[in-house]
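K.L.:
The file below is protein13.pdb, PDB, C-alpha atoms:
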ATOM      1  CA  MET A   1     102.355 127.213  58.639  1.00  0.00           C
ATOM      2  CA  LEU A   2      99.489 129.688  59.006  1.00  0.00           C
ATOM      3  CA  SER A   3      97.421 130.745  56.015  1.00  0.00           C
ATOM      4  CA  ILE A   4      95.658 134.111  56.235  1.00  0.00           C
ATOM      5  CA  PHE A   5      93.552 134.122  53.067  1.00  0.00           C
ATOM      6  CA  ASN A   6      96.117 134.113  50.257  1.00  0.00           C
ATOM      7  CA  VAL A   7      99.027 135.225  52.463  1.00  0.00           C
ATOM      8  CA  THR A   8     101.293 132.607  54.034  1.00  0.00           C
ATOM      9  CA  VAL A   9     102.730 133.372  57.466  1.00  0.00           C
ATOM     10  CA  TYR A  10     104.984 131.128  59.548  1.00  0.00           C
ATOM     11  CA  ALA A  11     104.470 130.789  63.290  1.00  0.00           C
ATOM     12  CA  ASP A  12     107.913 132.190  64.131  1.00  0.00           C
ATOM     13  CA  GLU A  13     107.078 135.317  62.105  1.00  0.00           C
ATOM     14  CA  ILE A  14     104.214 136.259  64.419  1.00  0.00           C
ATOM     15  CA  GLY A  15     105.354 139.353  66.280  1.00  0.00           C
ATOM     16  CA  SER A  16     104.519 139.659  69.949  1.00  0.00           C
ATOM     17  CA  GLU A  17     104.202 137.034  72.652  1.00  0.00           C
ATOM     18  CA  GLU A  18     100.609 138.225  73.130  1.00  0.00           C
ATOM     19  CA  GLU A  19      99.814 137.326  69.518  1.00  0.00           C
ATOM     20  CA  LYS A  20     101.342 133.873  69.960  1.00  0.00           C
ATOM     21  CA  ASP A  21      99.463 133.353  73.219  1.00  0.00           C
ATOM     22  CA  PHE A  22      96.081 134.174  71.686  1.00  0.00           C
ATOM     23  CA  LEU A  23      96.742 131.856  68.746  1.00  0.00           C
ATOM     24  CA  TYR A  24      97.668 128.800  70.826  1.00  0.00           C
ATOM     25  CA  GLU A  25      95.483 129.449  73.884  1.00  0.00           C
ATOM     26  CA  GLY A  26      93.393 126.544  75.163  1.00  0.00           C
ATOM     27  CA  LEU A  27      95.061 123.754  73.199  1.00  0.00           C
ATOM     28  CA  LYS A  28      95.176 120.278  74.757  1.00  0.00           C
ATOM     29  CA  PRO A  29      98.277 118.046  74.754  1.00  0.00           C
ATOM     30  CA  GLY A  30      98.883 116.685  71.263  1.00  0.00           C
ATOM     31  CA  GLU A  31      96.899 119.455  69.526  1.00  0.00           C
ATOM     32  CA  THR A  32      98.495 121.944  67.147  1.00  0.00           C
ATOM     33  CA  VAL A  33      97.253 124.894  65.088  1.00  0.00           C
ATOM     34  CA  VAL A  34      97.770 124.258  61.373  1.00  0.00           C
ATOM     35  CA  ASP A  35      95.962 127.291  59.947  1.00  0.00           C
ATOM     36  CA  PHE A  36      94.652 130.668  61.105  1.00  0.00           C
ATOM     37  CA  TYR A  37      92.144 132.977  59.396  1.00  0.00           C
ATOM     38  CA  TYR A  38      90.523 136.246  60.247  1.00  0.00           C
ATOM     39  CA  GLU A  39      87.068 137.260  59.128  1.00  0.00           C
ATOM     40  CA  PRO A  40      87.277 140.404  56.963  1.00  0.00           C
ATOM     41  CA  VAL A  41      85.205 143.269  58.310  1.00  0.00           C
ATOM     42  CA  SER A  42      83.299 145.704  56.150  1.00  0.00           C
ATOM     43  CA  GLU A  43      84.393 149.343  56.084  1.00  0.00           C
ATOM     44  CA  ASP A  44      81.531 150.445  58.336  1.00  0.00           C
ATOM     45  CA  GLU A  45      82.677 147.937  60.992  1.00  0.00           C
ATOM     46  CA  LEU A  46      86.337 148.918  60.799  1.00  0.00           C
ATOM     47  CA  ILE A  47      87.549 150.827  63.849  1.00  0.00           C
ATOM     48  CA  TYR A  48      90.732 152.846  64.004  1.00  0.00           C
ATOM     49  CA  GLU A  49      92.905 153.155  67.098  1.00  0.00           C
ATOM     50  CA  ASN A  50      93.087 156.928  66.806  1.00  0.00           C
ATOM     51  CA  GLU A  51      89.373 157.460  66.296  1.00  0.00           C
ATOM     52  CA  VAL A  52      87.928 160.610  67.885  1.00  0.00           C
ATOM     53  CA  LEU A  53      84.611 161.071  69.574  1.00  0.00           C
ATOM     54  CA  PRO A  54      81.733 162.250  67.379  1.00  0.00           C
ATOM     55  CA  LYS A  55      80.768 165.888  67.906  1.00  0.00           C
ATOM     56  CA  GLU A  56      77.287 164.824  68.989  1.00  0.00           C
ATOM     57  CA  ALA A  57      78.762 162.680  71.767  1.00  0.00           C
ATOM     58  CA  LEU A  58      80.980 165.490  72.991  1.00  0.00           C
ATOM     59  CA  THR A  59      78.162 168.003  72.935  1.00  0.00           C
ATOM     60  CA  GLU A  60      75.805 165.698  74.788  1.00  0.00           C
ATOM     61  CA  ASN A  61      78.463 164.797  77.320  1.00  0.00           C
ATOM     62  CA  GLU A  62      79.340 168.416  77.974  1.00  0.00           C
ATOM     63  CA  SER A  63      75.721 169.096  78.856  1.00  0.00           C
ATOM     64  CA  ILE A  64      75.751 166.058  81.142  1.00  0.00           C
ATOM     65  CA  GLU A  65      78.963 167.106  82.907  1.00  0.00           C
ATOM     66  CA  GLY A  66      78.324 170.839  82.917  1.00  0.00           C
ATOM     67  CA  GLU A  67      75.517 170.828  85.441  1.00  0.00           C
ATOM     68  CA  SER A  68      75.486 173.694  87.923  1.00  0.00           C
ATOM     69  CA  VAL A  69      75.438 172.685  91.582  1.00  0.00           C
ATOM     70  CA  SER A  70      73.242 174.661  93.953  1.00  0.00           C
ATOM     71  CA  PRO A  71      73.825 174.647  97.743  1.00  0.00           C
ATOM     72  CA  MET A  72      70.505 172.810  98.198  1.00  0.00           C
ATOM     73  CA  SER A  73      71.533 169.922  95.923  1.00  0.00           C
ATOM     74  CA  ARG A  74      75.177 169.637  96.956  1.00  0.00           C
ATOM     75  CA  ARG A  75      76.139 165.942  96.780  1.00  0.00           C
ATOM     76  CA  LYS A  76      78.869 163.911  95.197  1.00  0.00           C
ATOM     77  CA  LYS A  77      78.283 162.663  91.667  1.00  0.00           C
ATOM     78  CA  TRP A  78      80.225 160.576  89.177  1.00  0.00           C
ATOM     79  CA  TYR A  79      81.637 162.236  86.053  1.00  0.00           C
ATOM     80  CA  LEU A  80      83.496 160.950  82.990  1.00  0.00           C
ATOM     81  CA  LYS A  81      86.917 162.517  82.449  1.00  0.00           C
ATOM     82  CA  GLY A  82      89.793 162.395  80.013  1.00  0.00           C
ATOM     83  CA  GLY A  83      88.162 160.790  76.979  1.00  0.00           C
ATOM     84  CA  LYS A  84      88.633 157.150  76.028  1.00  0.00           C
ATOM     85  CA  LYS A  85      92.072 155.596  75.746  1.00  0.00           C
ATOM     86  CA  TYR A  86      92.693 152.644  73.419  1.00  0.00           C
ATOM     87  CA  VAL A  87      94.442 149.917  75.416  1.00  0.00           C
ATOM     88  CA  GLY A  88      94.635 147.072  72.886  1.00  0.00           C
ATOM     89  CA  LEU A  89      92.759 144.093  71.536  1.00  0.00           C
ATOM     90  CA  SER A  90      90.674 141.806  73.716  1.00  0.00           C
ATOM     91  CA  TYR A  91      89.902 138.200  72.749  1.00  0.00           C
ATOM     92  CA  GLY A  92      87.034 135.918  73.672  1.00  0.00           C
ATOM     93  CA  SER A  93      87.500 132.206  74.299  1.00  0.00           C
ATOM     94  CA  TRP A  94      87.926 129.795  71.410  1.00  0.00           C
ATOM     95  CA  ARG A  95      84.669 128.030  70.485  1.00  0.00           C
ATOM     96  CA  TYR A  96      83.828 125.195  68.139  1.00  0.00           C
ATOM     97  CA  ALA A  97      82.549 126.494  64.807  1.00  0.00           C
ATOM     98  CA  GLY A  98      80.255 123.520  64.255  1.00  0.00           C
ATOM     99  CA  ALA A  99      82.576 121.639  61.927  1.00  0.00           C
ATOM    100  CA  SER A 100      85.041 118.781  62.377  1.00  0.00           C
ATOM    101  CA  THR A 101      86.453 115.865  60.425  1.00  0.00           C
ATOM    102  CA  ILE A 102      88.172 112.608  61.325  1.00  0.00           C
ATOM    103  CA  SER A 103      89.581 111.861  57.901  1.00  0.00           C
ATOM    104  CA  GLY A 104      91.077 115.114  56.684  1.00  0.00           C
ATOM    105  CA  GLY A 105      89.629 117.015  53.754  1.00  0.00           C
ATOM    106  CA  VAL A 106      87.687 120.281  53.877  1.00  0.00           C
ATOM    107  CA  LEU A 107      86.126 121.764  57.012  1.00  0.00           C
ATOM    108  CA  HIS A 108      82.864 123.656  56.569  1.00  0.00           C
ATOM    109  CA  ALA A 109      81.128 126.092  58.899  1.00  0.00           C
ATOM    110  CA  SER A 110      77.874 127.940  58.406  1.00  0.00           C
ATOM    111  CA  HIS A 111      76.446 129.498  61.513  1.00  0.00           C
ATOM    112  CA  SER A 112      74.561 132.542  62.673  1.00  0.00           C
ATOM    113  CA  SER A 113      76.058 133.995  65.789  1.00  0.00           C
ATOM    114  CA  THR A 114      75.177 136.975  67.935  1.00  0.00           C
ATOM    115  CA  VAL A 115      77.987 139.492  68.262  1.00  0.00           C
ATOM    116  CA  ALA A 116      77.929 142.315  70.765  1.00  0.00           C
ATOM    117  CA  ASN A 117      79.737 145.284  72.223  1.00  0.00           C
ATOM    118  CA  SER A 118      80.202 145.235  75.978  1.00  0.00           C
ATOM    119  CA  TYR A 119      82.114 146.719  78.907  1.00  0.00           C
ATOM    120  CA  SER A 120      83.909 145.476  81.997  1.00  0.00           C
ATOM    121  CA  GLY A 121      85.023 147.070  85.231  1.00  0.00           C
ATOM    122  CA  SER A 122      83.060 149.343  87.528  1.00  0.00           C
ATOM    123  CA  LEU A 123      80.359 151.438  85.846  1.00  0.00           C
ATOM    124  CA  ASN A 124      79.310 154.332  88.084  1.00  0.00           C
ATOM    125  CA  VAL A 125      77.574 156.493  85.476  1.00  0.00           C
ATOM    126  CA  THR A 126      74.556 155.466  83.420  1.00  0.00           C
ATOM    127  CA  LYS A 127      75.026 153.355  80.291  1.00  0.00           C
ATOM    128  CA  ARG A 128      73.445 156.157  78.290  1.00  0.00           C
ATOM    129  CA  ASP A 129      76.060 158.642  79.535  1.00  0.00           C
ATOM    130  CA  LEU A 130      78.909 156.211  78.822  1.00  0.00           C
ATOM    131  CA  ASN A 131      77.653 155.480  75.309  1.00  0.00           C
ATOM    132  CA  ALA A 132      77.369 159.188  74.494  1.00  0.00           C
ATOM    133  CA  TYR A 133      80.851 159.838  75.882  1.00  0.00           C
ATOM    134  CA  ILE A 134      82.702 157.100  73.958  1.00  0.00           C
ATOM    135  CA  GLY A 135      80.722 157.336  70.727  1.00  0.00           C
ATOM    136  CA  PHE A 136      79.355 153.777  70.486  1.00  0.00           C
ATOM    137  CA  ASN A 137      76.700 151.641  72.168  1.00  0.00           C
ATOM    138  CA  THR A 138      78.221 149.274  74.743  1.00  0.00           C
ATOM    139  CA  THR A 139      75.032 147.182  74.899  1.00  0.00           C
ATOM    140  CA  LYS A 140      74.395 146.801  71.165  1.00  0.00           C
ATOM    141  CA  SER A 141      74.104 143.232  69.850  1.00  0.00           C
ATOM    142  CA  TRP A 142      73.276 141.892  66.409  1.00  0.00           C
ATOM    143  CA  SER A 143      73.271 138.646  64.459  1.00  0.00           C
ATOM    144  CA  LYS A 144      75.977 137.948  61.897  1.00  0.00           C
ATOM    145  CA  THR A 145      75.894 134.886  59.622  1.00  0.00           C
ATOM    146  CA  VAL A 146      79.166 133.340  58.509  1.00  0.00           C
ATOM    147  CA  SER A 147      79.805 130.668  55.868  1.00  0.00           C
ATOM    148  CA  TYR A 148      83.320 129.308  55.718  1.00  0.00           C
ATOM    149  CA  SER A 149      85.227 126.493  53.990  1.00  0.00           C
ATOM    150  CA  SER A 150      88.825 125.633  54.741  1.00  0.00           C
ATOM    151  CA  PRO A 151      91.448 124.376  52.296  1.00  0.00           C
ATOM    152  CA  SER A 152      91.767 120.618  51.889  1.00  0.00           C
ATOM    153  CA  TYR A 153      94.005 118.959  54.475  1.00  0.00           C
ATOM    154  CA  PRO A 154      95.771 115.581  54.316  1.00  0.00           C
ATOM    155  CA  SER A 155      94.479 112.583  56.247  1.00  0.00           C
ATOM    156  CA  GLY A 156      94.093 113.315  59.947  1.00  0.00           C
ATOM    157  CA  ARG A 157      91.703 114.784  62.486  1.00  0.00           C
ATOM    158  CA  TYR A 158      90.957 118.503  62.460  1.00  0.00           C
ATOM    159  CA  ARG A 159      88.622 120.927  64.231  1.00  0.00           C
ATOM    160  CA  LEU A 160      87.559 124.415  63.192  1.00  0.00           C
ATOM    161  CA  GLN A 161      87.275 126.974  66.006  1.00  0.00           C
ATOM    162  CA  TYR A 162      86.513 130.682  66.205  1.00  0.00           C
ATOM    163  CA  ARG A 163      86.792 133.501  68.712  1.00  0.00           C
ATOM    164  CA  HIS A 164      85.520 137.078  68.929  1.00  0.00           C
ATOM    165  CA  VAL A 165      87.902 140.042  68.768  1.00  0.00           C
ATOM    166  CA  TYR A 166      87.243 143.429  70.389  1.00  0.00           C
ATOM    167  CA  LYS A 167      88.946 146.776  70.621  1.00  0.00           C
ATOM    168  CA  LYS A 168      89.220 147.679  74.292  1.00  0.00           C
ATOM    169  CA  TYR A 169      89.246 151.182  75.748  1.00  0.00           C
ATOM    170  CA  LYS A 170      89.822 152.656  79.208  1.00  0.00           C
ATOM    171  CA  VAL A 171      87.595 155.443  80.555  1.00  0.00           C
ATOM    172  CA  LYS A 172      88.110 157.254  83.844  1.00  0.00           C
ATOM    173  CA  GLN A 173      85.226 158.097  86.196  1.00  0.00           C
ATOM    174  CA  VAL A 174      85.698 160.545  89.035  1.00  0.00           C
ATOM    175  CA  GLN A 175      83.484 161.312  92.015  1.00  0.00           C
ATOM    176  CA  ALA A 176      83.164 164.984  92.922  1.00  0.00           C
ATOM    177  CA  TYR A 177      80.697 167.663  93.946  1.00  0.00           C
ATOM    178  CA  HIS A 178      81.355 169.434  90.652  1.00  0.00           C
ATOM    179  CA  PRO A 179      83.057 168.395  87.371  1.00  0.00           C
ATOM    180  CA  ARG A 180      85.946 170.783  88.043  1.00  0.00           C
ATOM    181  CA  GLY A 181      86.033 170.266  91.785  1.00  0.00           C
ATOM    182  CA  ARG A 182      88.114 168.125  94.125  1.00  0.00           C
ATOM    183  CA  VAL A 183      88.112 164.410  93.217  1.00  0.00           C
ATOM    184  CA  TYR A 184      87.105 162.074  96.062  1.00  0.00           C
ATOM    185  CA  ALA A 185      87.272 158.745  94.217  1.00  0.00           C
ATOM    186  CA  THR A 186      88.401 157.386  90.845  1.00  0.00           C
ATOM    187  CA  LYS A 187      87.222 154.235  89.076  1.00  0.00           C
ATOM    188  CA  TYR A 188      87.671 152.869  85.566  1.00  0.00           C
ATOM    189  CA  VAL A 189      85.366 151.196  83.085  1.00  0.00           C
ATOM    190  CA  TYR A 190      86.572 149.314  79.993  1.00  0.00           C
ATOM    191  CA  PRO A 191      84.272 149.538  76.936  1.00  0.00           C
ATOM    192  CA  LYS A 192      84.823 146.828  74.311  1.00  0.00           C
ATOM    193  CA  ARG A 193      83.786 147.208  70.683  1.00  0.00           C
ATOM    194  CA  TRP A 194      83.413 144.062  68.555  1.00  0.00           C
ATOM    195  CA  ILE A 195      85.434 144.105  65.326  1.00  0.00           C
ATOM    196  CA  GLU A 196      85.772 140.573  63.902  1.00  0.00           C
ATOM    197  CA  ARG A 197      86.002 136.818  64.366  1.00  0.00           C
ATOM    198  CA  ASN A 198      89.214 134.797  64.139  1.00  0.00           C
ATOM    199  CA  TYR A 199      89.257 131.185  62.974  1.00  0.00           C
ATOM    200  CA  ARG A 200      91.843 128.487  63.548  1.00  0.00           C
ATOM    201  CA  VAL A 201      92.161 124.907  62.338  1.00  0.00           C
ATOM    202  CA  VAL A 202      93.388 122.563  65.070  1.00  0.00           C
ATOM    203  CA  LYS A 203      94.875 119.167  64.330  1.00  0.00           C
ATOM    204  CA  PHE A 204      94.327 116.649  67.145  1.00  0.00           C
TER     205      PHE A 204
END
How does this structure look as structure tokens?

P.N.:
Amino acid sequence: MLSIFNVTVYADEIGSEEEKDFLYEGLKPGETVVDFYYEPVSEDELIYENEVLPKEALTENESIEGESVSPMSRRKKWYLKGGKKYVGLSYGSWRYAGASTISGGVLHASHSSTVANSYSGSLNVTKRDLNAYIGFNTTKSWSKTVSYSSPSYPSGRYRLQYRHVYKKYKVKQVQAYHPRGRVYATKYVYPKRWIERNYRVVKF
């Protein structure tokens, strides 16, 4: 049985295999997940899959990409093309939340943890250009304090763990002499925007 705040969800009701995999990932033999919680995000941290780029980012990017190329400075450059495509959620590894018990009861966690946006893949443009293009800072990090108490569990041994959750995007980079010219190479970079932490209670 999985408790998500005041909503009860059973394991066989979890939809996709990906969701089941992320919930049970990293468990050792004899361990089982007895509860799962997600950290609610504030409205200013909430990110929608169909979000559009801010006008400022588009304007700045157009000036970056719209450079004229003179015969004297003719060389291949990397350009960002096609906007950003949402490709799904990305999960960090499960970590101990600083709380455990060997006799059941309530698990407590109070920790300050740095959370951060990031990117993976091959970055061939500057970070500044990428940030302007996608509409968020891929190198931003900040501290977020969390205090958490679980329900009371019967006698047994339990651990509280957490993991970071990101929204992942795909951005195409092309190499050309001019933004509208022939493409000589294509590479992708994957910006990741932090959205929340998940928690799970593991019985061992």

K.L.:
Carefully work through the PyMOL selection byres ((chain A and resi 33) around 8) for this structure and note down the residues it includes, as a list in words.

P.N.:
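When the PyMOL selection byres ((chain A and resi 33) around 8) is applied to the shown file, the picked residues are Leu23, Tyr24, Glu31, Thr32, Val34, Asp35, Phe36, Arg200, Val201, Val202 and Lys203 of chain A.
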
K.L.:
Which residues, written as a PDB file with C-alpha atoms, in the coordinates of the input, have at least one atom at most 6 Å from stretch 153-167 of chain A, with all atoms listed in the file counted and residues fewer than 3 positions away on the same chain left out?

P.N.:
ATOM      1  CA  LEU A  89      92.759 144.093  71.536  1.00  0.00           C
ATOM      2  CA  SER A  90      90.674 141.806  73.716  1.00  0.00           C
ATOM      3  CA  TYR A  91      89.902 138.200  72.749  1.00  0.00           C
ATOM      4  CA  GLY A  92      87.034 135.918  73.672  1.00  0.00           C
ATOM      5  CA  SER A  93      87.500 132.206  74.299  1.00  0.00           C
ATOM      6  CA  TRP A  94      87.926 129.795  71.410  1.00  0.00           C
ATOM      7  CA  ARG A  95      84.669 128.030  70.485  1.00  0.00           C
ATOM      8  CA  TYR A  96      83.828 125.195  68.139  1.00  0.00           C
ATOM      9  CA  ALA A  97      82.549 126.494  64.807  1.00  0.00           C
ATOM     10  CA  ALA A  99      82.576 121.639  61.927  1.00  0.00           C
ATOM     11  CA  SER A 100      85.041 118.781  62.377  1.00  0.00           C
ATOM     12  CA  THR A 101      86.453 115.865  60.425  1.00  0.00           C
ATOM     13  CA  ILE A 102      88.172 112.608  61.325  1.00  0.00           C
ATOM     14  CA  SER A 103      89.581 111.861  57.901  1.00  0.00           C
ATOM     15  CA  GLY A 104      91.077 115.114  56.684  1.00  0.00           C
ATOM     16  CA  GLY A 105      89.629 117.015  53.754  1.00  0.00           C
ATOM     17  CA  LYS A 192      84.823 146.828  74.311  1.00  0.00           C
ATOM     18  CA  ARG A 193      83.786 147.208  70.683  1.00  0.00           C
ATOM     19  CA  TRP A 194      83.413 144.062  68.555  1.00  0.00           C
ATOM     20  CA  ILE A 195      85.434 144.105  65.326  1.00  0.00           C
ATOM     21  CA  GLU A 196      85.772 140.573  63.902  1.00  0.00           C
ATOM     22  CA  ARG A 197      86.002 136.818  64.366  1.00  0.00           C
ATOM     23  CA  ASN A 198      89.214 134.797  64.139  1.00  0.00           C
ATOM     24  CA  TYR A 199      89.257 131.185  62.974  1.00  0.00           C
ATOM     25  CA  ARG A 200      91.843 128.487  63.548  1.00  0.00           C
ATOM     26  CA  VAL A 201      92.161 124.907  62.338  1.00  0.00           C
ATOM     27  CA  VAL A 202      93.388 122.563  65.070  1.00  0.00           C
ATOM     28  CA  LYS A 203      94.875 119.167  64.330  1.00  0.00           C
ATOM     29  CA  PHE A 204      94.327 116.649  67.145  1.00  0.00           C
TER      30      PHE A 204
END

K.L.:
Any idea what the distance is between atom CA of A:Leu123 and atom CA of A:Val174?

P.N.:
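Those two atoms sit 11.0 Å apart.
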
K.L.:
Using the chain letters and numbers from this file, what does the PyMOL selection byres ((chain A and resi 108-113) around 9) select? Give the answer as a list in words.

P.N.:
Ala97, Gly98, Ala99, Ser100, Val106, Leu107, Thr114, Val115, Trp142, Ser143, Lys144, Thr145, Val146, Ser147, Tyr148, Ser149, Ser150 and Leu160 of chain A

K.L.:
Check the smallest atom-to-atom distance from each of A:Tyr169, A:Tyr188, A:Tyr177, A:Phe22 to A:Asn124 using only C-alpha atoms, then report the winner.

P.N.:
A:Tyr188

K.L.:
Rounded to one decimal place, report the atom CA of A:Arg182-atom CA of A:Gly135 distance in Å.

P.N.:
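Value for the atom CA of A:Arg182-atom CA of A:Gly135 distance: 26.8 Å.
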
K.L.:
Nearest residue to A:Asn131 out of A:Gly82, A:Pro191, A:Gly30, A:Gly88, using only C-alpha atoms?

P.N.:
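Comparing A:Gly82, A:Pro191, A:Gly30, A:Gly88 against A:Asn131, the winner is A:Pro191.
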
K.L.:
Would you compute the distance between atom CA of A:Gln173 and atom CA of A:Val189? Give it in Å to one decimal.

P.N.:
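Distance reported for this atom pair: 7.6 Å.
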
K.L.:
Using the atoms already present, construct N, CA, C and O atoms for stretch 164-184 of chain A and hand them back as a PDB file, in the frame of the given file.

P.N.:
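Result saved to out10.pdb:
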ATOM      1  N   HIS A 164      85.863 135.682  69.197  1.00  0.00           N
ATOM      2  CA  HIS A 164      85.520 137.078  68.929  1.00  0.00           C
ATOM      3  C   HIS A 164      86.695 137.984  69.299  1.00  0.00           C
ATOM      4  O   HIS A 164      87.425 137.722  70.250  1.00  0.00           O
ATOM      5  N   VAL A 165      86.837 139.072  68.539  1.00  0.00           N
ATOM      6  CA  VAL A 165      87.902 140.042  68.768  1.00  0.00           C
ATOM      7  C   VAL A 165      87.274 141.412  69.006  1.00  0.00           C
ATOM      8  O   VAL A 165      86.358 141.817  68.287  1.00  0.00           O
ATOM      9  N   TYR A 166      87.782 142.117  70.011  1.00  0.00           N
ATOM     10  CA  TYR A 166      87.243 143.429  70.389  1.00  0.00           C
ATOM     11  C   TYR A 166      88.375 144.443  70.490  1.00  0.00           C
ATOM     12  O   TYR A 166      89.521 144.088  70.771  1.00  0.00           O
ATOM     13  N   LYS A 167      88.044 145.695  70.259  1.00  0.00           N
ATOM     14  CA  LYS A 167      88.946 146.776  70.621  1.00  0.00           C
ATOM     15  C   LYS A 167      88.530 147.289  72.002  1.00  0.00           C
ATOM     16  O   LYS A 167      87.368 147.610  72.230  1.00  0.00           O
ATOM     17  N   LYS A 168      89.499 147.355  72.894  1.00  0.00           N
ATOM     18  CA  LYS A 168      89.220 147.679  74.292  1.00  0.00           C
ATOM     19  C   LYS A 168      89.730 149.079  74.623  1.00  0.00           C
ATOM     20  O   LYS A 168      90.829 149.463  74.221  1.00  0.00           O
ATOM     21  N   TYR A 169      88.908 149.817  75.361  1.00  0.00           N
ATOM     22  CA  TYR A 169      89.246 151.182  75.748  1.00  0.00           C
ATOM     23  C   TYR A 169      89.166 151.335  77.273  1.00  0.00           C
ATOM     24  O   TYR A 169      88.509 150.546  77.954  1.00  0.00           O
ATOM     25  N   LYS A 170      89.829 152.353  77.781  1.00  0.00           N
ATOM     26  CA  LYS A 170      89.822 152.656  79.208  1.00  0.00           C
ATOM     27  C   LYS A 170      89.238 154.050  79.411  1.00  0.00           C
ATOM     28  O   LYS A 170      89.671 155.011  78.765  1.00  0.00           O
ATOM     29  N   VAL A 171      88.245 154.161  80.294  1.00  0.00           N
ATOM     30  CA  VAL A 171      87.595 155.443  80.555  1.00  0.00           C
ATOM     31  C   VAL A 171      87.606 155.702  82.059  1.00  0.00           C
ATOM     32  O   VAL A 171      87.239 154.828  82.858  1.00  0.00           O
ATOM     33  N   LYS A 172      88.025 156.895  82.423  1.00  0.00           N
ATOM     34  CA  LYS A 172      88.110 157.254  83.844  1.00  0.00           C
ATOM     35  C   LYS A 172      86.810 157.895  84.317  1.00  0.00           C
ATOM     36  O   LYS A 172      86.222 158.733  83.641  1.00  0.00           O
ATOM     37  N   GLN A 173      86.383 157.498  85.526  1.00  0.00           N
ATOM     38  CA  GLN A 173      85.226 158.097  86.196  1.00  0.00           C
ATOM     39  C   GLN A 173      85.705 158.695  87.519  1.00  0.00           C
ATOM     40  O   GLN A 173      86.445 158.044  88.262  1.00  0.00           O
ATOM     41  N   VAL A 174      85.295 159.902  87.783  1.00  0.00           N
ATOM     42  CA  VAL A 174      85.698 160.545  89.035  1.00  0.00           C
ATOM     43  C   VAL A 174      84.453 160.956  89.830  1.00  0.00           C
ATOM     44  O   VAL A 174      83.418 161.302  89.251  1.00  0.00           O
ATOM     45  N   GLN A 175      84.574 160.897  91.130  1.00  0.00           N
ATOM     46  CA  GLN A 175      83.484 161.312  92.015  1.00  0.00           C
ATOM     47  C   GLN A 175      83.832 162.670  92.620  1.00  0.00           C
ATOM     48  O   GLN A 175      84.918 162.846  93.198  1.00  0.00           O
ATOM     49  N   ALA A 176      82.919 163.626  92.447  1.00  0.00           N
ATOM     50  CA  ALA A 176      83.164 164.984  92.922  1.00  0.00           C
ATOM     51  C   ALA A 176      81.836 165.696  93.119  1.00  0.00           C
ATOM     52  O   ALA A 176      80.788 165.230  92.668  1.00  0.00           O
ATOM     53  N   TYR A 177      81.902 166.846  93.800  1.00  0.00           N
ATOM     54  CA  TYR A 177      80.697 167.663  93.946  1.00  0.00           C
ATOM     55  C   TYR A 177      80.410 168.432  92.661  1.00  0.00           C
ATOM     56  O   TYR A 177      79.279 168.813  92.396  1.00  0.00           O
ATOM     57  N   HIS A 178      81.475 168.650  91.872  1.00  0.00           N
ATOM     58  CA  HIS A 178      81.355 169.434  90.652  1.00  0.00           C
ATOM     59  C   HIS A 178      82.380 168.900  89.659  1.00  0.00           C
ATOM     60  O   HIS A 178      83.460 168.440  90.077  1.00  0.00           O
ATOM     61  N   PRO A 179      82.109 168.936  88.352  1.00  0.00           N
ATOM     62  CA  PRO A 179      83.057 168.395  87.371  1.00  0.00           C
ATOM     63  C   PRO A 179      84.471 168.945  87.495  1.00  0.00           C
ATOM     64  O   PRO A 179      85.438 168.253  87.201  1.00  0.00           O
ATOM     65  N   ARG A 180      84.618 170.176  87.932  1.00  0.00           N
ATOM     66  CA  ARG A 180      85.946 170.783  88.043  1.00  0.00           C
ATOM     67  C   ARG A 180      86.411 170.876  89.489  1.00  0.00           C
ATOM     68  O   ARG A 180      87.411 171.526  89.792  1.00  0.00           O
ATOM     69  N   GLY A 181      85.692 170.195  90.378  1.00  0.00           N
ATOM     70  CA  GLY A 181      86.033 170.266  91.785  1.00  0.00           C
ATOM     71  C   GLY A 181      86.991 169.170  92.225  1.00  0.00           C
ATOM     72  O   GLY A 181      87.510 168.388  91.426  1.00  0.00           O
ATOM     73  N   ARG A 182      87.213 169.112  93.531  1.00  0.00           N
ATOM     74  CA  ARG A 182      88.114 168.125  94.125  1.00  0.00           C
ATOM     75  C   ARG A 182      87.579 166.710  93.863  1.00  0.00           C
ATOM     76  O   ARG A 182      86.387 166.456  93.982  1.00  0.00           O
ATOM     77  N   VAL A 183      88.482 165.797  93.500  1.00  0.00           N
ATOM     78  CA  VAL A 183      88.112 164.410  93.217  1.00  0.00           C
ATOM     79  C   VAL A 183      88.220 163.590  94.498  1.00  0.00           C
ATOM     80  O   VAL A 183      89.267 163.581  95.159  1.00  0.00           O
ATOM     81  N   TYR A 184      87.139 162.882  94.847  1.00  0.00           N
ATOM     82  CA  TYR A 184      87.105 162.074  96.062  1.00  0.00           C
ATOM     83  C   TYR A 184      87.303 160.576  95.786  1.00  0.00           C
ATOM     84  O   TYR A 184      87.665 159.822  96.682  1.00  0.00           O
TER      85      TYR A 184
END
